[in-house]
Each structure stands twice: as C-alpha cells, then as structure tokens.
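Listing of coords_38.pdb; format and content: PDB, C-alpha atoms.
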```
ATOM      1  CA  MET A 794      20.115 119.291 121.654
ATOM      2  CA  ARG A 795      16.948 118.527 123.513
ATOM      3  CA  GLU A 796      16.097 115.335 121.685
ATOM      4  CA  LEU A 797      18.177 112.508 120.287
ATOM      5  CA  SER A 798      16.135 112.787 117.110
ATOM      6  CA  LEU A 799      17.707 116.227 116.580
ATOM      7  CA  HIS A 800      21.183 114.710 116.903
ATOM      8  CA  ILE A 801      20.128 112.159 114.318
ATOM      9  CA  LEU A 802      18.865 114.882 111.986
ATOM     10  CA  ASP A 803      22.190 116.646 112.366
ATOM     11  CA  ILE A 804      24.348 113.578 111.703
ATOM     12  CA  VAL A 805      22.238 112.617 108.686
ATOM     13  CA  GLU A 806      22.563 116.140 107.292
ATOM     14  CA  ASN A 807      26.348 115.659 107.555
ATOM     15  CA  GLY A 808      26.077 112.607 105.324
ATOM     16  CA  ILE A 809      23.893 114.451 102.829
ATOM     17  CA  THR A 810      26.289 117.388 102.701
ATOM     18  CA  ALA A 811      29.073 114.889 102.035
ATOM     19  CA  GLY A 812      27.158 113.688  98.983
ATOM     20  CA  ALA A 813      25.517 110.442 100.129
ATOM     21  CA  GLY A 814      22.778 108.901  97.987
ATOM     22  CA  CYS A 815      21.295 106.582 100.582
ATOM     23  CA  ILE A 816      21.374 106.887 104.358
ATOM     24  CA  THR A 817      20.520 104.160 106.825
ATOM     25  CA  ILE A 818      19.299 105.085 110.288
ATOM     26  CA  ALA A 819      18.960 102.266 112.806
ATOM     27  CA  ILE A 820      17.708 102.664 116.347
ATOM     28  CA  GLU A 821      17.730  99.837 118.821
ATOM     29  CA  GLU A 822      16.187  99.998 122.250
ATOM     30  CA  SER A 823      16.732  97.022 124.473
ATOM     31  CA  GLU A 824      15.181  96.637 127.886
ATOM     32  CA  PRO A 825      17.195  93.563 129.012
ATOM     33  CA  THR A 826      20.531  95.255 128.361
ATOM     34  CA  ASP A 827      19.226  98.760 129.149
ATOM     35  CA  ARG A 828      20.878 100.129 126.005
ATOM     36  CA  LEU A 829      19.832 102.544 123.332
ATOM     37  CA  THR A 830      21.913 102.378 120.181
ATOM     38  CA  ILE A 831      21.776 104.796 117.277
ATOM     39  CA  ARG A 832      23.556 104.008 114.045
ATOM     40  CA  VAL A 833      23.707 106.232 110.984
ATOM     41  CA  CYS A 834      25.444 104.897 107.856
ATOM     42  CA  ASP A 835      25.859 106.677 104.571
ATOM     43  CA  ASP A 836      27.250 105.695 101.198
ATOM     44  CA  GLY A 837      29.056 108.997 100.763
ATOM     45  CA  PRO A 838      32.753 109.509 100.028
ATOM     46  CA  GLY A 839      33.939 108.700 103.574
ATOM     47  CA  MET A 840      36.773 110.433 105.391
ATOM     48  CA  PRO A 841      40.461 109.782 105.972
ATOM     49  CA  ALA A 842      40.854 107.865 109.249
ATOM     50  CA  GLN A 843      42.766 110.793 110.731
ATOM     51  CA  LYS A 844      39.652 112.985 110.718
ATOM     52  CA  ALA A 845      37.518 110.263 112.267
ATOM     53  CA  LEU A 846      40.007 109.745 115.102
ATOM     54  CA  ASN A 847      39.355 113.299 116.166
ATOM     55  CA  LEU A 848      35.594 113.053 116.146
ATOM     56  CA  GLU A 849      35.233 114.529 119.593
ATOM     57  CA  ASP A 850      37.424 117.470 118.800
ATOM     58  CA  PRO A 851      35.159 120.350 117.826
ATOM     59  CA  PHE A 852      38.040 122.099 116.100
ATOM     60  CA  VAL A 853      38.269 119.430 113.444
ATOM     61  CA  THR A 854      35.968 120.156 110.540
ATOM     62  CA  THR A 855      35.871 120.045 106.777
ATOM     63  CA  ARG A 856      33.651 123.055 106.556
ATOM     64  CA  THR A 857      34.862 126.326 105.166
ATOM     65  CA  THR A 858      32.343 128.745 106.646
ATOM     66  CA  ARG A 859      33.892 128.587 110.108
ATOM     67  CA  ARG A 860      36.561 126.746 112.058
ATOM     68  CA  VAL A 861      34.491 124.612 114.410
ATOM     69  CA  GLY A 862      32.354 121.547 113.803
ATOM     70  CA  LEU A 863      30.068 120.656 116.637
ATOM     71  CA  GLY A 864      27.679 117.983 115.386
ATOM     72  CA  LEU A 865      29.642 114.847 116.196
ATOM     73  CA  SER A 866      31.228 116.333 119.303
ATOM     74  CA  LEU A 867      27.803 117.075 120.737
ATOM     75  CA  LEU A 868      26.563 113.566 120.016
ATOM     76  CA  ALA A 869      29.680 112.031 121.563
ATOM     77  CA  ALA A 870      29.293 114.216 124.642
ATOM     78  CA  ALA A 871      25.623 113.250 124.984
ATOM     79  CA  ALA A 872      26.509 109.547 124.734
ATOM     80  CA  ARG A 873      29.375 109.797 127.169
ATOM     81  CA  ARG A 874      27.328 111.435 129.878
ATOM     82  CA  CYS A 875      24.849 108.539 129.654
ATOM     83  CA  GLU A 876      27.433 105.789 130.207
ATOM     84  CA  GLY A 877      27.695 105.269 126.482
ATOM     85  CA  GLN A 878      30.071 106.180 123.719
ATOM     86  CA  ALA A 879      30.241 107.265 120.120
ATOM     87  CA  ALA A 880      32.370 105.840 117.341
ATOM     88  CA  VAL A 881      32.953 106.567 113.690
ATOM     89  CA  ALA A 882      33.999 103.955 111.152
ATOM     90  CA  THR A 883      35.027 105.366 107.811
ATOM     91  CA  ALA A 884      37.490 105.172 104.964
ATOM     92  CA  PRO A 885      37.770 107.173 101.761
ATOM     93  CA  GLY A 886      35.334 105.695  99.233
ATOM     94  CA  ARG A 887      33.674 103.484 101.824
ATOM     95  CA  GLY A 888      31.051 105.746 103.341
ATOM     96  CA  THR A 889      30.773 106.618 106.997
ATOM     97  CA  GLU A 890      29.122 104.892 109.912
ATOM     98  CA  VAL A 891      28.406 106.743 113.136
ATOM     99  CA  THR A 892      27.338 104.733 116.170
ATOM    100  CA  ALA A 893      26.286 106.141 119.522
ATOM    101  CA  THR A 894      25.196 104.137 122.534
ATOM    102  CA  PHE A 895      23.417 105.274 125.668
ATOM    103  CA  ARG A 896      22.240 103.690 128.888
ATOM    104  CA  HIS A 897      18.530 103.631 128.145
ATOM    105  CA  SER A 898      17.404 104.475 131.676
ATOM    106  CA  HIS A 899      20.116 107.065 132.359
ATOM    107  CA  ILE A 900      18.642 110.166 133.919
ATOM    108  CA  ASP A 901      20.633 112.419 131.587
ATOM    109  CA  ARG A 902      19.549 110.646 128.432
ATOM    110  CA  ALA A 903      17.498 113.014 126.307
ATOM    111  CA  PRO A 904      14.238 111.554 124.986
ATOM    112  CA  LEU A 905      14.385 110.173 121.496
ATOM    113  CA  GLY A 906      11.811 112.798 120.602
ATOM    114  CA  ASP A 907       9.872 113.254 117.432
ATOM    115  CA  MET A 908      11.564 110.886 114.972
ATOM    116  CA  ALA A 909       8.648 111.273 112.561
ATOM    117  CA  ALA A 910       9.363 115.018 112.296
ATOM    118  CA  THR A 911      13.050 114.325 111.701
ATOM    119  CA  LEU A 912      12.219 111.881 108.912
ATOM    120  CA  GLU A 913       9.701 114.258 107.382
ATOM    121  CA  VAL A 914      12.206 117.100 107.285
ATOM    122  CA  LEU A 915      14.837 114.823 105.759
ATOM    123  CA  ILE A 916      12.551 113.366 103.106
ATOM    124  CA  VAL A 917      10.982 116.671 102.062
ATOM    125  CA  GLY A 918      14.215 118.655 102.199
ATOM    126  CA  ASN A 919      16.293 116.125 100.276
ATOM    127  CA  PRO A 920      14.197 114.550  97.531
ATOM    128  CA  GLN A 921      17.310 113.213  95.791
ATOM    129  CA  VAL A 922      18.427 111.150  98.807
ATOM    130  CA  ASP A 923      16.992 107.810  99.943
ATOM    131  CA  PHE A 924      16.494 106.902 103.587
ATOM    132  CA  VAL A 925      16.205 103.548 105.268
ATOM    133  CA  TYR A 926      14.916 103.803 108.818
ATOM    134  CA  SER A 927      14.631 100.906 111.190
ATOM    135  CA  HIS A 928      13.593 101.156 114.787
ATOM    136  CA  ARG A 929      13.683  98.141 117.052
ATOM    137  CA  VAL A 930      12.262  98.005 120.564
ATOM    138  CA  ASP A 931      13.113  94.645 122.120
ATOM    139  CA  ASP A 932      11.660  92.183 119.607
ATOM    140  CA  ARG A 933       9.354  94.579 117.771
ATOM    141  CA  GLU A 934      10.555  96.486 114.753
ATOM    142  CA  PHE A 935       9.413  99.232 112.434
ATOM    143  CA  THR A 936      11.048  99.915 109.089
ATOM    144  CA  LEU A 937      10.647 102.573 106.463
ATOM    145  CA  ASP A 938      12.524 102.467 103.186
ATOM    146  CA  THR A 939      12.016 105.393 100.821
ATOM    147  CA  ARG A 940      13.331 103.343  97.871
ATOM    148  CA  GLU A 941      10.501 100.893  98.473
ATOM    149  CA  LEU A 942       8.021 103.728  98.963
ATOM    150  CA  LYS A 943       9.060 105.379  95.720
ATOM    151  CA  ARG A 944       8.515 102.080  93.950
ATOM    152  CA  GLU A 945       5.100 101.466  95.498
ATOM    153  CA  LEU A 946       3.968 105.037  95.037
ATOM    154  CA  ALA A 947       5.278 105.369  91.501
ATOM    155  CA  GLY A 948       4.678 108.868  90.218
ATOM    156  CA  VAL A 949       3.987 110.394  93.615
ATOM    157  CA  ASP A 950       6.473 112.993  94.805
ATOM    158  CA  LEU A 951       7.512 112.111  98.365
ATOM    159  CA  GLY A 952       8.737 115.658  98.829
ATOM    160  CA  ASP A 953       5.252 117.030  98.345
ATOM    161  CA  PRO A 954       4.025 118.481 101.663
ATOM    162  CA  MET A 955       0.629 116.784 101.327
ATOM    163  CA  VAL A 956       2.235 113.403 100.751
ATOM    164  CA  ALA A 957       4.737 114.013 103.512
ATOM    165  CA  ARG A 958       1.988 114.859 105.960
ATOM    166  CA  GLU A 959       0.071 111.666 105.193
ATOM    167  CA  LEU A 960       3.225 109.609 105.353
ATOM    168  CA  MET A 961       4.304 111.065 108.666
ATOM    169  CA  GLU A 962       0.903 110.519 110.225
ATOM    170  CA  SER A 963       1.322 106.824 109.447
ATOM    171  CA  VAL A 964       4.896 106.771 110.721
ATOM    172  CA  ARG A 965       3.952 108.591 113.902
ATOM    173  CA  ARG A 966       1.158 106.097 114.538
ATOM    174  CA  SER A 967       3.430 103.116 113.947
ATOM    175  CA  LEU A 968       6.143 104.497 116.205
ATOM    176  CA  ARG A 969       3.613 105.165 118.933
ATOM    177  CA  ASP A 970       2.456 101.547 118.725
ATOM    178  CA  LEU A 971       6.061 100.409 118.745
ATOM    179  CA  THR A 972       7.105 102.322 121.853
ATOM    180  CA  SER A 973       3.889 101.794 123.801
ATOM    181  CA  GLY A 974       3.837  98.049 123.101
ATOM    182  CA  GLY A 975       6.186  97.315 125.993
ATOM    183  CA  THR A 976       5.492  97.714 129.674
ATOM    184  CA  PRO A 977       4.956 101.341 130.493
ATOM    185  CA  GLY A 978       7.451 102.640 132.990
ATOM    186  CA  PRO A 979      10.150 105.247 133.449
ATOM    187  CA  GLY A 980      11.929 105.898 130.206
ATOM    188  CA  ARG A 981       9.188 104.169 128.268
ATOM    189  CA  GLN A 982       6.771 107.030 128.086
ATOM    190  CA  PRO A 983       5.888 107.921 124.535
ATOM    191  CA  ASP A 984       8.384 110.626 123.674
ATOM    192  CA  VAL A 985       6.780 113.832 122.648
ATOM    193  CA  GLU A 986       8.259 117.060 121.430
ATOM    194  CA  ALA A 987       8.638 119.160 124.533
ATOM    195  CA  HIS A 988       9.881 122.574 123.510
ATOM    196  CA  ASP A 989       8.092 125.873 122.983
TER     197      ASP A 989
ATOM    198  CA  MET B 665       8.038  93.517 112.283
ATOM    199  CA  SER B 666       5.773  96.396 111.391
ATOM    200  CA  LYS B 667       5.915  98.469 108.303
ATOM    201  CA  LEU B 668       3.737 100.841 106.469
ATOM    202  CA  THR B 669       1.090  98.544 105.101
ATOM    203  CA  ILE B 670       0.128  98.348 101.464
ATOM    204  CA  GLU B 671      -3.255  99.766 102.505
ATOM    205  CA  ASP B 672      -1.533 102.790 104.007
ATOM    206  CA  LEU B 673       0.396 103.304 100.805
ATOM    207  CA  LYS B 674      -2.655 102.946  98.605
ATOM    208  CA  ARG B 675      -4.552 105.416 100.716
ATOM    209  CA  ILE B 676      -1.703 107.903 100.547
ATOM    210  CA  LYS B 677      -1.480 107.457  96.828
ATOM    211  CA  GLU B 678      -5.185 107.968  96.268
ATOM    212  CA  GLN B 679      -5.345 111.029  98.439
ATOM    213  CA  THR B 680      -2.388 112.701  96.869
ATOM    214  CA  THR B 681      -2.242 111.750  93.215
ATOM    215  CA  LYS B 682      -4.725 114.437  92.319
ATOM    216  CA  SER B 683      -2.918 117.233  94.068
ATOM    217  CA  THR B 684       0.562 116.292  92.982
ATOM    218  CA  ALA B 685      -0.245 115.754  89.323
ATOM    219  CA  LEU B 686      -0.306 119.504  88.958
ATOM    220  CA  ARG B 687       2.887 120.132  90.853
ATOM    221  CA  GLN B 688       5.206 119.469  87.960
ATOM    222  CA  GLY B 689       5.939 122.935  86.593
ATOM    223  CA  ASP B 690       8.996 124.966  87.453
ATOM    224  CA  ALA B 691       9.181 126.413  90.930
ATOM    225  CA  ARG B 692       8.679 130.144  91.205
ATOM    226  CA  VAL B 693       9.533 130.291  94.884
ATOM    227  CA  LYS B 694      12.326 128.483  96.688
ATOM    228  CA  ILE B 695      12.425 128.424 100.479
ATOM    229  CA  THR B 696      15.625 127.213 102.105
ATOM    230  CA  VAL B 697      15.699 126.216 105.760
ATOM    231  CA  HIS B 698      19.287 126.148 106.993
ATOM    232  CA  MET B 699      19.909 122.948 108.932
ATOM    233  CA  GLY B 700      23.429 122.943 110.234
ATOM    234  CA  THR B 701      24.104 121.839 113.805
ATOM    235  CA  CYS B 702      23.541 125.452 114.844
ATOM    236  CA  GLY B 703      20.213 125.681 113.034
ATOM    237  CA  ILE B 704      18.949 122.370 114.377
ATOM    238  CA  ALA B 705      19.934 123.227 117.940
ATOM    239  CA  ALA B 706      18.167 126.574 117.613
ATOM    240  CA  GLY B 707      14.897 125.009 116.438
ATOM    241  CA  ALA B 708      15.081 124.734 112.647
ATOM    242  CA  ARG B 709      13.154 121.463 112.634
ATOM    243  CA  ALA B 710      10.094 123.085 114.227
ATOM    244  CA  VAL B 711      10.373 125.915 111.679
ATOM    245  CA  MET B 712      10.499 123.420 108.832
ATOM    246  CA  THR B 713       7.546 121.465 110.238
ATOM    247  CA  ALA B 714       5.465 124.645 110.443
ATOM    248  CA  LEU B 715       6.482 125.539 106.900
ATOM    249  CA  MET B 716       5.409 122.135 105.595
ATOM    250  CA  GLU B 717       2.048 122.482 107.313
ATOM    251  CA  GLU B 718       1.532 125.863 105.687
ATOM    252  CA  MET B 719       2.570 124.446 102.320
ATOM    253  CA  ALA B 720       0.126 121.581 102.599
ATOM    254  CA  GLU B 721      -2.626 124.024 103.460
ATOM    255  CA  ALA B 722      -1.828 126.549 100.744
ATOM    256  CA  ASP B 723      -1.562 123.771  98.157
ATOM    257  CA  ARG B 724       0.456 125.891  95.772
ATOM    258  CA  GLN B 725       2.191 124.126  92.917
ATOM    259  CA  ASP B 726       5.082 126.526  92.369
ATOM    260  CA  ILE B 727       6.790 126.526  95.769
ATOM    261  CA  ARG B 728       9.746 124.325  96.675
ATOM    262  CA  VAL B 729      11.207 123.740 100.107
ATOM    263  CA  VAL B 730      14.794 122.589 100.562
ATOM    264  CA  THR B 731      17.200 122.262 103.449
ATOM    265  CA  SER B 732      20.836 123.256 103.412
ATOM    266  CA  GLY B 733      23.760 123.446 105.792
ATOM    267  CA  CYS B 734      25.155 126.191 107.937
ATOM    268  CA  MET B 735      25.572 129.529 106.173
ATOM    269  CA  GLY B 736      28.012 130.920 108.716
ATOM    270  CA  MET B 737      25.532 133.073 110.593
ATOM    271  CA  CYS B 738      25.069 130.713 113.517
ATOM    272  CA  SER B 739      24.152 133.390 116.030
ATOM    273  CA  SER B 740      21.014 134.302 114.109
ATOM    274  CA  GLU B 741      19.776 130.751 113.488
ATOM    275  CA  PRO B 742      17.287 129.473 112.583
ATOM    276  CA  ASN B 743      17.773 131.236 109.255
ATOM    277  CA  VAL B 744      15.382 130.863 106.348
ATOM    278  CA  THR B 745      16.046 132.168 102.834
ATOM    279  CA  VAL B 746      13.119 133.034 100.589
ATOM    280  CA  GLU B 747      13.905 133.351  96.895
ATOM    281  CA  ILE B 748      11.162 134.494  94.595
ATOM    282  CA  LEU B 749      11.826 134.484  90.869
ATOM    283  CA  ASP B 750      13.184 137.827  89.636
ATOM    284  CA  GLU B 751      13.361 139.217  93.149
ATOM    285  CA  GLU B 752      16.160 139.782  95.625
ATOM    286  CA  PRO B 753      16.600 136.785  97.981
ATOM    287  CA  ILE B 754      15.625 137.620 101.549
ATOM    288  CA  VAL B 755      17.274 135.956 104.560
ATOM    289  CA  TYR B 756      15.079 135.800 107.634
ATOM    290  CA  GLN B 757      16.761 135.357 110.974
ATOM    291  CA  LEU B 758      15.863 134.083 114.443
ATOM    292  CA  MET B 759      12.862 132.262 113.049
ATOM    293  CA  ASP B 760      10.353 130.214 114.960
ATOM    294  CA  ALA B 761       7.194 128.402 113.903
ATOM    295  CA  ASN B 762       4.991 131.511 114.168
ATOM    296  CA  ARG B 763       7.412 133.795 112.325
ATOM    297  CA  MET B 764       7.668 131.154 109.627
ATOM    298  CA  ARG B 765       3.898 131.065 109.236
ATOM    299  CA  GLN B 766       3.781 134.846 108.996
ATOM    300  CA  VAL B 767       6.586 134.965 106.416
ATOM    301  CA  PHE B 768       4.910 132.264 104.384
ATOM    302  CA  ARG B 769       1.480 133.858 104.397
ATOM    303  CA  ARG B 770       2.619 137.458 103.884
ATOM    304  CA  HIS B 771       5.826 137.253 101.867
ATOM    305  CA  VAL B 772       5.550 134.022  99.913
ATOM    306  CA  LEU B 773       1.830 134.162  99.216
ATOM    307  CA  LYS B 774       1.279 137.941  99.053
ATOM    308  CA  GLY B 775       4.683 139.369  98.209
ATOM    309  CA  GLU B 776       5.026 141.573 101.298
ATOM    310  CA  VAL B 777       8.587 141.286 102.597
ATOM    311  CA  GLN B 778       8.513 140.968 106.383
ATOM    312  CA  SER B 779      11.356 143.382 107.008
ATOM    313  CA  GLY B 780      11.070 143.041 110.779
ATOM    314  CA  PHE B 781      12.677 139.584 110.611
ATOM    315  CA  ALA B 782      14.785 140.088 107.518
ATOM    316  CA  GLN B 783      18.546 140.155 107.688
ATOM    317  CA  GLY B 784      19.743 140.885 104.192
ATOM    318  CA  ARG B 785      17.527 143.556 102.765
ATOM    319  CA  LEU B 786      18.089 146.538 100.558
TER     320      LEU B 786
END
```
Would you mind writing the structure in this file as structure tokens?
Amino acid sequence: MRELSLHILDIVENGITAGAGCITIAIEESEPTDRLTIRVCDDGPGMPAQKALNLEDPFVTTRTTRRVGLGLSLLAAAARRCEGQAAVATAPGRGTEVTATFRHSHIDRAPLGDMAATLEVLIVGNPQVDFVYSHRVDDREFTLDTRELKRELAGVDLGDPMVARELMESVRRSLRDLTSGGTPGPGRQPDVEAHD
Amino acid sequence: MSKLTIEDLKRIKEQTTKSTALRQGDARVKITVHMGTCGIAAGARAVMTALMEEMAEADRQDIRVVTSGCMGMCSSEPNVTVEILDEEPIVYQLMDANRMRQVFRRHVLKGEVQSGFAQGRL
C-alpha cells in the first residue's frame, strides 16, 4: 500500500465486513516521541484470541473466497519495517482493536496520504455504519463523528455524493491546517495523494 | 481541538437539502466498488473517488453506490459491478479513474455496456 490511509481503509473495511455498527479511527502524531500511532476499534463481534495471535500470518483468515488474508499482515509488516509494531486486542463479543505504531521520521514510513478520501469512501459506501475519526498532531486535534453529523444535519443523507463532496472539502481543509500548523520539515510536508 | 464548525454544517445543509430531498425513491442502478485488501492495493479508492465526482455532477436520484469486500477475483482488481434494474449485472475489471468515468457516462447514464472492460458478459 502506498499510503497509510489505504491501510486504514482496509482495516476499517474488515470491521464493517465483520458487522460493526460504529468504528473509531484514531491517529496520533507526536514530534517529541517521533511516533505515529494508528488505532482502529470496532464494536463488531470480535474474534477468538487464537485468530488474533496469528495476525501476521497471511494464511489465517475467516474469508471463504480464498485461503489468504493479507490486510493485517501488510499493516504489521509496514509497521515493523518502521521500527514499530502492530497489535490486535479482541475477544468474542467485545469488538476488535487494531493498533499500529511507526517511527514518524522513518524513511520507509509511507505518507499518511489522503485521509479525507478514505473517510469519504467509507461514509458513502457504508451509510449504515457510523465513524468516529480523531487525528491528533502534538497538541492540536481534529475530530469528526458521523453520529453527531447525522444529528446536526437531520434529514440529510451523508451518503449522497453532493453532501459527501462538501463534507470532504471541509475535512480536507481542516486536516491541512492540522498538519501544516507545526514546523515544516521532513516528514511534515502536507501528504498528498501521489499515484497515477 | 478543531472540528467541523456549526457554520460548516449549516452551509452543507443549505447547499444540499434541495438536491437530496428528491433522492428518496428506489434506486434503479446499483454500483458496487469492491474494496478488499486486493482492491484497495490496486487503486479502488481512486476509482470510488472518481465515481463519486461523476455522481455529484450527474445529480441523478436513482443511483446508489456501495462498497463490498473481495469477490475472489483479486488479479483483476479493481473490480466494479454495475447492476441496472431488469438487466444482467456487469462486472468491470482492471478499473481506474478514467475507465470508471467512461463506464459511468456511457453504461450507467446511456445504457451502453462498455464490453472492452467487462468481465462477465453474455
């Protein structure tokens, strides 16, 4: 994956496939500790601990269409090559929490990428699921809670492409402010989508 | 701590209430973008973004976009399935943003199946 935001999209889709109703995505970037932490929690059915133990094994999967499951293994590999690690905390009936840490300035760390696009795809593609997104850079924070949005925008369909476009413009602006608020320097460039 | 402000929300609401009020009827077209790990790694998010732009532009009330998981055809990702009411579903393979725009404008809006990209066709 070329961007961490694509890993996030992938892990969140796992939670949705598992039947979660609300998914929390938390990103923390800290300059003093030089860490980037990504946490994705869902309120889905959870997994037996045995499955979670094998998270880095691509041949462990619950899917039926094929025998390999790559999502978590790829995330764990990405974290590990940036002096970080990935962990899964889960129990049947308790939901699942995936955490991945990275050294923020590591040369192999992929850019966070276009988080606004990831959120847009998630919100439009899964109108029945709620998302809580929080992104902290040092002491600044941005949050987006679709439950709150649905309340404020009563009667407006968040999955509507027009609404989504407006919403994502705002999110993109806020995230740009958030990441450019610190001292510019290596690893602090505004992440932009680089492919194609 | 920053958030979307109430002003942002109000603006969004004003700008969109009109257009979405109409969008309540049953969907005639369903477009599924497959978003497994394989799809995402192959560029499904860019395909979906292009599709949403086209949707916003076309402003049609009877089209729904959904995402789903891997369909087992990982080597031809990104896959997109177009289902039009009373018609055979068509699976498009190896999609990118431009192919998606073409499929949307020609197939979804005009009914011309783009057989060059189609996988399952009669």
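Reported to one decimal place, the separation of atom CA of Thr830 of chain A from atom CA of Gly906 of chain A is 14.5 Å.
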Please report, as JSON, the centre and edge lengths in Å to one decimal of an axis-aligned box covering all listed atoms of segment 697-700 of chain B with 3 Å per side.
```
{"center_x": 19.6, "center_y": 124.6, "center_z": 108.0, "size_x": 13.7, "size_y": 9.3, "size_z": 10.5}
```
Name every residue that the PyMOL selection byres ((chain A) within 8 of (chain B)) selects in this structure, writing the answer as a compact mmCIF listing (two decimals) with C-alpha atoms, in the coordinates of the input with chains first and numbers rising.
```txt
# COMPACT_ATOMS: atom_id res chain seq x y z
CA MET A 794 20.11 119.29 121.65
CA ARG A 795 16.95 118.53 123.51
CA LEU A 799 17.71 116.23 116.58
CA LEU A 802 18.86 114.88 111.99
CA ASP A 803 22.19 116.65 112.37
CA GLU A 806 22.56 116.14 107.29
CA THR A 810 26.29 117.39 102.70
CA THR A 858 32.34 128.74 106.65
CA ARG A 859 33.89 128.59 110.11
CA LEU A 863 30.07 120.66 116.64
CA GLY A 864 27.68 117.98 115.39
CA ALA A 910 9.36 115.02 112.30
CA THR A 911 13.05 114.32 111.70
CA VAL A 914 12.21 117.10 107.28
CA VAL A 917 10.98 116.67 102.06
CA GLY A 918 14.22 118.66 102.20
CA ASN A 919 16.29 116.12 100.28
CA ARG A 933 9.35 94.58 117.77
CA GLU A 934 10.56 96.49 114.75
CA PHE A 935 9.41 99.23 112.43
CA THR A 936 11.05 99.92 109.09
CA LEU A 937 10.65 102.57 106.46
CA LEU A 942 8.02 103.73 98.96
CA GLU A 945 5.10 101.47 95.50
CA LEU A 946 3.97 105.04 95.04
CA VAL A 949 3.99 110.39 93.62
CA ASP A 950 6.47 112.99 94.80
CA ASP A 953 5.25 117.03 98.34
CA PRO A 954 4.03 118.48 101.66
CA MET A 955 0.63 116.78 101.33
CA VAL A 956 2.24 113.40 100.75
CA ARG A 958 1.99 114.86 105.96
CA GLU A 959 0.07 111.67 105.19
CA LEU A 960 3.22 109.61 105.35
CA SER A 963 1.32 106.82 109.45
CA VAL A 964 4.90 106.77 110.72
CA SER A 967 3.43 103.12 113.95
```
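When you apply the PyMOL selection byres ((chain A and resi 927) around 9) to this structure, what comes back is Thr817, Ile818, Ala819, Ile820, Glu821, Val925, Tyr926, His928, Arg929, Glu934, Phe935, Thr936, Leu937 and Asp938 of chain A.
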Deliver the residues from the most recent selection as a file, using C-alpha atoms, as a PDB file, in the frame of the given file.
```pdb
ATOM      1  CA  THR A 817      20.520 104.160 106.825  1.00  0.00           C
ATOM      2  CA  ILE A 818      19.299 105.085 110.288  1.00  0.00           C
ATOM      3  CA  ALA A 819      18.960 102.266 112.806  1.00  0.00           C
ATOM      4  CA  ILE A 820      17.708 102.664 116.347  1.00  0.00           C
ATOM      5  CA  GLU A 821      17.730  99.837 118.821  1.00  0.00           C
ATOM      6  CA  VAL A 925      16.205 103.548 105.268  1.00  0.00           C
ATOM      7  CA  TYR A 926      14.916 103.803 108.818  1.00  0.00           C
ATOM      8  CA  HIS A 928      13.593 101.156 114.787  1.00  0.00           C
ATOM      9  CA  ARG A 929      13.683  98.141 117.052  1.00  0.00           C
ATOM     10  CA  GLU A 934      10.555  96.486 114.753  1.00  0.00           C
ATOM     11  CA  PHE A 935       9.413  99.232 112.434  1.00  0.00           C
ATOM     12  CA  THR A 936      11.048  99.915 109.089  1.00  0.00           C
ATOM     13  CA  LEU A 937      10.647 102.573 106.463  1.00  0.00           C
ATOM     14  CA  ASP A 938      12.524 102.467 103.186  1.00  0.00           C
TER      15      ASP A 938
END
```
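Counting all atoms listed in the file, segment 833-845 of chain A has the following residues at most 7 Å away, ignoring those fewer than 5 positions along the same chain: Val805, Gly808, Ala811, Gly812, Ala813, Gly814, Cys815, Ile816, Thr817, Ile818, Ala819, Val881, Thr883, Ala884, Pro885, Gly886, Arg887, Gly888, Thr889, Glu890, Val891 and Thr892 of chain A.
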Expand the PyMOL selection byres ((chain B and resi 743) around 6) into the explicit residue set it covers here, and present it as a PDB file with C-alpha atoms, keeping the file's coordinate frame.
```pdb
ATOM      1  CA  HIS B 698      19.287 126.148 106.993  1.00  0.00           C
ATOM      2  CA  GLU B 741      19.776 130.751 113.488  1.00  0.00           C
ATOM      3  CA  PRO B 742      17.287 129.473 112.583  1.00  0.00           C
ATOM      4  CA  VAL B 744      15.382 130.863 106.348  1.00  0.00           C
ATOM      5  CA  TYR B 756      15.079 135.800 107.634  1.00  0.00           C
ATOM      6  CA  GLN B 757      16.761 135.357 110.974  1.00  0.00           C
TER       7      GLN B 757
END
```
